[in-house]
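What follows is one structure encoded as structure tokens, with my remarks underneath.
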Amino acid sequence: MLHVESLTASIGGTPILNGLDLDIGSGEIHAIMGPNGSGKSTFAHALAGRDGYEIGGTVTLDGVDLLDLEPEARAAAGVFVGFQYPVEIPGVNNMYFLRTALNSVRRARGETEIGARDFLAVAQDAMDLVEMKQDFLHRAVNAGFSGGEKKRNEILQMAVMEPRLAVLDETDSGLDIDALRIVASGVNALRGPERSMIVITHYQRLLDYIKPDFVHVLVDGRIVESGDHTLALHLEDHGYADFVNHDLDDTPERPLSGAAR
Amino acid sequence: MSETLREIKELTDASYEYGFSTDLDTDIAPPGLTEDTVRLISAKKDEPEWLLAWRLKAFEAWKSMDEPDWAKLEIQPIDYQSLSYWAAPTQKPVLDSMDDVDPDIRDMFDKLGIPLHEQKMLSNVAVDAIVDSVSVTTTFKKTLAAAGVIFCSFSEAVQDHPDLVREHLGSVVPVRDNFFAALNSAVFSDGSFCYIPAGVRCPMELSTYFRINSQNTGQFERTLIIAEDDSHVSYLEGCTAPQRDENQLHAAVVELVAKDRSEIKYSTVQNWYPGDENGVGGIYNFVTKRGRAHTEAKISWTQVETGSAITWKYPSVILQGDRSVGEFYSVALSSKRQQADTGTKMIHIGADTTSSIISKGISAGHGQNTYRGLVKVLRSAKNARNYTQCDSLLLGSECGAHTIPYIEVKNPSAQVEHEASTSTVGEDQLYYCRQRGMTEEDAMSMIVNGFCREVFDELPMEFAVEAQRLLSVSLEGSVG
Amino acid sequence: MTAISTADDQDMVAGLTYPTKRDEGWRYAPHDVLRQLSFGPPAASTPPLPPALGAKIPALNGPRIVLLNGVVDPALSDFGALPAGLHLSTFVDARREQPELLASHLDNNVGLSADTFTALNIAFGQNGAVVHVASGHTIEVPVQIVDIALPDETGGASCSGVVIHLDDGASATVVETRIGGGDFGGSNTRTTITLGAQASLDHIVLQDVASTQVHLGHVDATQGAGSVLRAHLFNLGARYGRVGYDVCLAGEGARAELTGLYFGIGNQTLDQQVTVVHGAPDCTSRQSFRGILDDESTGVFNGGIDVRPGADGTDAEQSNDNLLLSDRAEANTQPRLEILADDVVCKHGATVGQLDSNALYYLRTRGIPEAEARRLLIGGFADQAVDTVDNEILRTWITERLRRHDA
């Protein structure tokens, strides 16, 4: 469904992604783990189409070339990114924002727009999913939200947008244990055969709640190791040292341990 | 960034949709301003002697005054002798039946979206329509009369309620107040008059719709609102003008008198023709608006200023009575070559007086936007409170935003706070919205409207929708 | 009203007039007091320095230049053994040795287009001190320049100048102490600061002339790329004490931090006129001015942030907080923003209020008498400015000076 081949990304000549390959099938959940600065967030932005990167390689979603599309067209194609740092938009009502977003996507797809009343029902279900109170919809987008509220808002948006591909960038960062549980159960409820997910995380903790089908280790802009969920458990015990050192200094005598290739 | 800049440029090049003019038979005075002009206007309106004397006093004062030069505005010199000071549709104002309104005028207002037929009106808004110098019709008169509310053209008020006019005219804005107020006092042609008796809550919103139609005429209207003790009124004002290559002068005066425990809410959506992107044409808008709040009275100014080539306007409140309240909410947009120098004055005289100021300035294109305000706490204003927030949004690198507040405090128990910020629409905000599927244009419009939210929330519902649309139209347009 | 100048040769100052209330920047000045001032060339001889006045000079352990009525007094000055890289001289010497350092300071063309008092300073402030630090040198000891205004037979106010020039990568601390005595006159001092790339200057002004006098001070600073200016103003003395700053961030990445404290008693008017110009990308500026106003004193803050076209990446903040301690005191504040670039973050804030009654009550419930509690709270308010000064001797001097104020 998602096909990524030799993806490169750099900013002002500094390379960040150095030939990333990844294939994701329909309904699969892939976790991408890696140390700070390995390019995890850049990968999410490369999929979403943020300005400011020089991008190379190929990314297709259901055969559609994403790299040629503007961010809003990628959203219409079904890409949703749950951001690590959701931005605040003062004065813009959360519900109005969401309905505009949903209807923009529907319009782009040639579907009919959803009316205020029907939207309210959709939003209500999404609110229940992330255990949010009614006033949440009437506050300005992320303005004055706590870290946990911002992340729950991202999952709420995902529930409303019903994407084909959801990319969750460090959705677990800054969450206490209750918020983590809510976010994870929201994500799990949105799993489905027609929806694939990329879960980007620094820690294994989130993967106790969201069981991935595959785990990839991203180091220096490349996937250096892939495996099943046991790879995450190994990283929990041993950290990224093996992979990082292997990549940073070229010391062949250091054993490449861990999950079997 | 360049992508965004280009976009903003396209957005701000939107055309002015009220730029038509209507062919009306007009009675127009020859250009020039002398004592005879003042006498002519007064005679045309069949005014009492005291009012002519008042006008002449203002004219004498005006001759000795200079145009103010302290505002951050570049203005082509105005030749006051080349203007015509009287233009009126030849049809006499018709007061009782809408059916008698000149069909051309009716069509014009229909085109503007302001139908004058009562059965077609937005519910619960009474409209006084003013074309060029003269009030052409006032709707819902009978409903208002039943409540004891007087809402009529200024000329009618002079004839029918001379004592009320004489007592209050110039009581808040004296004839010598400033150059443009003096000019207005000498030559004002018409305007709206509104009187709310004690204890009455005006049963509907009152609205004046101003339209400049004739060429080479100045428009000088005068509004006087008197709210007696314990009364309440909400007043709306809208303005448009045809698209012309010459600059046209508009110098209005608005006086509000809020007696004890009364409340006046005055909302303006100003969309005079702003001129084109090269700065050709557009209205010069020099307006003096001021209210006097007596004990426990409240005056609230809300303005959305998207039009005019030049805006010079400082709606103010004299907080005279103890515990009186003044508010100023403003959105001012300067795009193309527009220049706006606007803000407010809050003069705290009474004890425990409170004022708040929320100003949102938006600069785009080659627009220059200045907030200029004065918060003055006199020694008598024990426990006075002011909170001021001025935010500026810059859309593009060719425009400017300026914040020039004056704060003068002479009482130690006063608490005055001023905050200001200047920012641009964040790339990250745009990206966030676009990731959620919105076009850059929709995202921009949404973010800018969000920036203005606190002010729009103060407008009556119909006006809030209108203001939001106007802002989008001023910023939007050709993309798509 | 006296003539503005006592000079025989009026050419230099012909046409100069006193500012009026209508001149922006002079709105709140006591114009009757200003009109008592006259200016002229320094007198042939100066009166002796009264010991009490000499004792006011902070005892810093570093070199110092003393200007008495606009003329360098060698006997009171101490050039000592100067550290490597530091060059101290008088205008007289500098004219001969390093005339280029004086060029912009004494530029008549600039001066006469500026305000009246700047023009007068250029005309009559032909003497002064020059501080020059050579490239890459860090001067650890503070350099002190003392300006003393004593009434002499001319009865005029003195004019003097200070030029501070830090070459690339140099760093120094310069303290300007301005004092005076007697019943009239005062001082008009102008400082020109030039910072090379990556240079760093701590510049402290202690304004404490007699409460019968007028002080008019102005600081012009031009900053090179990556340079840092930390300016600290303590505006305490004078019937009318006015200090202005015009800071131009001309090189990319320059940073200016301006802190000020003014504490007025009696009928003082203390006036600060500040403009920071962001003329290059990625510069940072902070203005933080605090006023304490007692009795019938008036505080004025007119501070601007001026972002020129192309100064993208500007980060500018400004705050002005005022405490009114008396029914007759007055605070006038005008925080201005002029923004002509769009990639900027600018903020300003201003407050006027009185001592927090809750805090006062809290202290009193802990047994602290009201007068002492007030002193504590006022001290706390002032400390935020005082604490920006690193030199302990100076901090002590300022704290003790403030204590005399709020006693």
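Letters A, B, ... go to the chains of the structure tokens in the order shown; residues in each chain start at 1; ligands are counted from 1 in the same order.
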
### Task
May I have the residues within 7 Å of Thr8 (chain A) as a PyMOL selection string, using only C-alpha atoms and disregarding those fewer than 6 positions away in the same chain?
chain A and resi 17-20+55-57

### Query
Which residues of chain B are close to chain C, meaning at most 7 Å apart when you count only C-alpha atoms, and how do they look as a PyMOL selection string?
chain B and resi 394-397+399-424

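Excluding region 65-80 of chain B itself and same-chain residues fewer than 2 positions from it, the residues having an atom within 8 Å of it are Gly32, Leu33, Ala61, Trp62, Lys63, Ser82, Leu83, Asn178, Phe179, Phe180, Ile310, Trp312, Gln339, Ala340, Asp341 and Thr370 of chain B, counting only C-alpha atoms.
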
With a distance cut-off of 12 Å and only C-alpha atoms, select the neighbouring residues of Ile398 (chain C), excluding the residue or stretch itself and same-chain residues fewer than 2 positions from it, and output the selection as a compact mmCIF listing (two decimals) with C-alpha atoms, in the first residue's frame.
```
# COMPACT_ATOMS: atom_id res chain seq x y z
CA LYS C 56 29.97 60.16 46.13
CA ILE C 57 32.23 58.66 43.48
CA PRO C 58 32.11 54.86 43.67
CA THR C 177 29.18 58.34 37.05
CA ILE C 204 26.71 51.49 33.38
CA VAL C 205 25.35 54.98 33.88
CA LEU C 206 24.87 56.29 37.42
CA GLN C 207 23.00 59.58 37.15
CA ASP C 208 23.04 61.35 40.50
CA HIS C 232 22.45 49.57 32.79
CA LEU C 233 20.94 52.90 33.71
CA PHE C 234 20.35 54.16 37.23
CA ASN C 235 18.57 57.45 36.78
CA LEU C 236 18.33 58.84 40.29
CA LEU C 261 15.86 51.93 37.07
CA TYR C 262 14.49 55.37 37.91
CA PHE C 263 13.45 56.33 41.41
CA GLY C 379 13.72 46.95 47.31
CA ALA C 382 14.37 47.64 42.33
CA ASP C 383 16.57 44.57 42.77
CA ALA C 385 17.42 46.06 37.84
CA VAL C 386 20.22 46.25 40.42
CA ASP C 387 20.98 42.54 40.10
CA THR C 388 21.89 42.93 36.44
CA VAL C 389 25.09 44.69 37.53
CA ASN C 391 30.33 44.52 39.97
CA GLU C 392 29.73 44.16 43.69
CA ILE C 393 31.12 47.55 44.66
CA LEU C 394 28.69 49.17 42.25
CA ARG C 395 25.77 47.09 43.43
CA THR C 396 26.49 48.15 47.00
CA GLU C 400 22.90 52.32 49.54
CA ARG C 401 21.96 55.19 47.29
CA LEU C 402 18.43 53.77 46.91
CA ARG C 403 18.14 53.35 50.65
CA ARG C 404 18.62 57.08 51.10
CA HIS C 405 15.78 57.57 48.65
```

### Exercise answer, chain A residues close to chain B, 10 Å and only C-alpha atoms, as a ChimeraX atom specification
/A:45,48-52,70-83,86-93,96-98,100-108,140-141,157-158,161

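Excluding Cys283 (chain C) itself and any same-chain residue fewer than 4 positions from it, the protein and nucleic acid residues within 7 Å of it, counting only C-alpha atoms, are Leu249, Glu252, Gly253, Ala254, Arg255, His278, Gly313, Thr314 and Asp315 of chain C.
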
### Task
Write out as an MDAnalysis selection string which residues come within 9 Å of Asn61 (chain C) when counting only C-alpha atoms, dropping same-chain ones fewer than 4 positions away.
chainID C and resid 141:143

Give me a file of those residues, with C-alpha atoms, as a PDB file, in the first residue's frame.
```pdb
ATOM      1  CA  VAL C 141      38.937  46.068  35.648  1.00  0.00           C
ATOM      2  CA  PRO C 142      36.080  48.527  35.274  1.00  0.00           C
ATOM      3  CA  VAL C 143      36.937  51.816  33.584  1.00  0.00           C
TER       4      VAL C 143
END
```

#### Entry: region 214-221 of chain C surroundings by only C-alpha atoms, 7 Å radius, close-in-sequence under 6 positions cut, as a PyMOL selection string
chain C and resi 185-194+238-248

### Task
Return as number ranges by chain the full set of residues in region 93-281 of chain C whose backbone-based DSSP assignment is strand (DSSP E).
C: 128-133, 143-149, 158-166, 171-180, 186-195, 200-208, 214-223, 228-235, 240-249, 255-264, 269-278

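Distance check against Gly239 (chain A) using only C-alpha atoms: of A:Leu2, A:Val224, A:Met33, A:Met132, the minimum falls on A:Met33.
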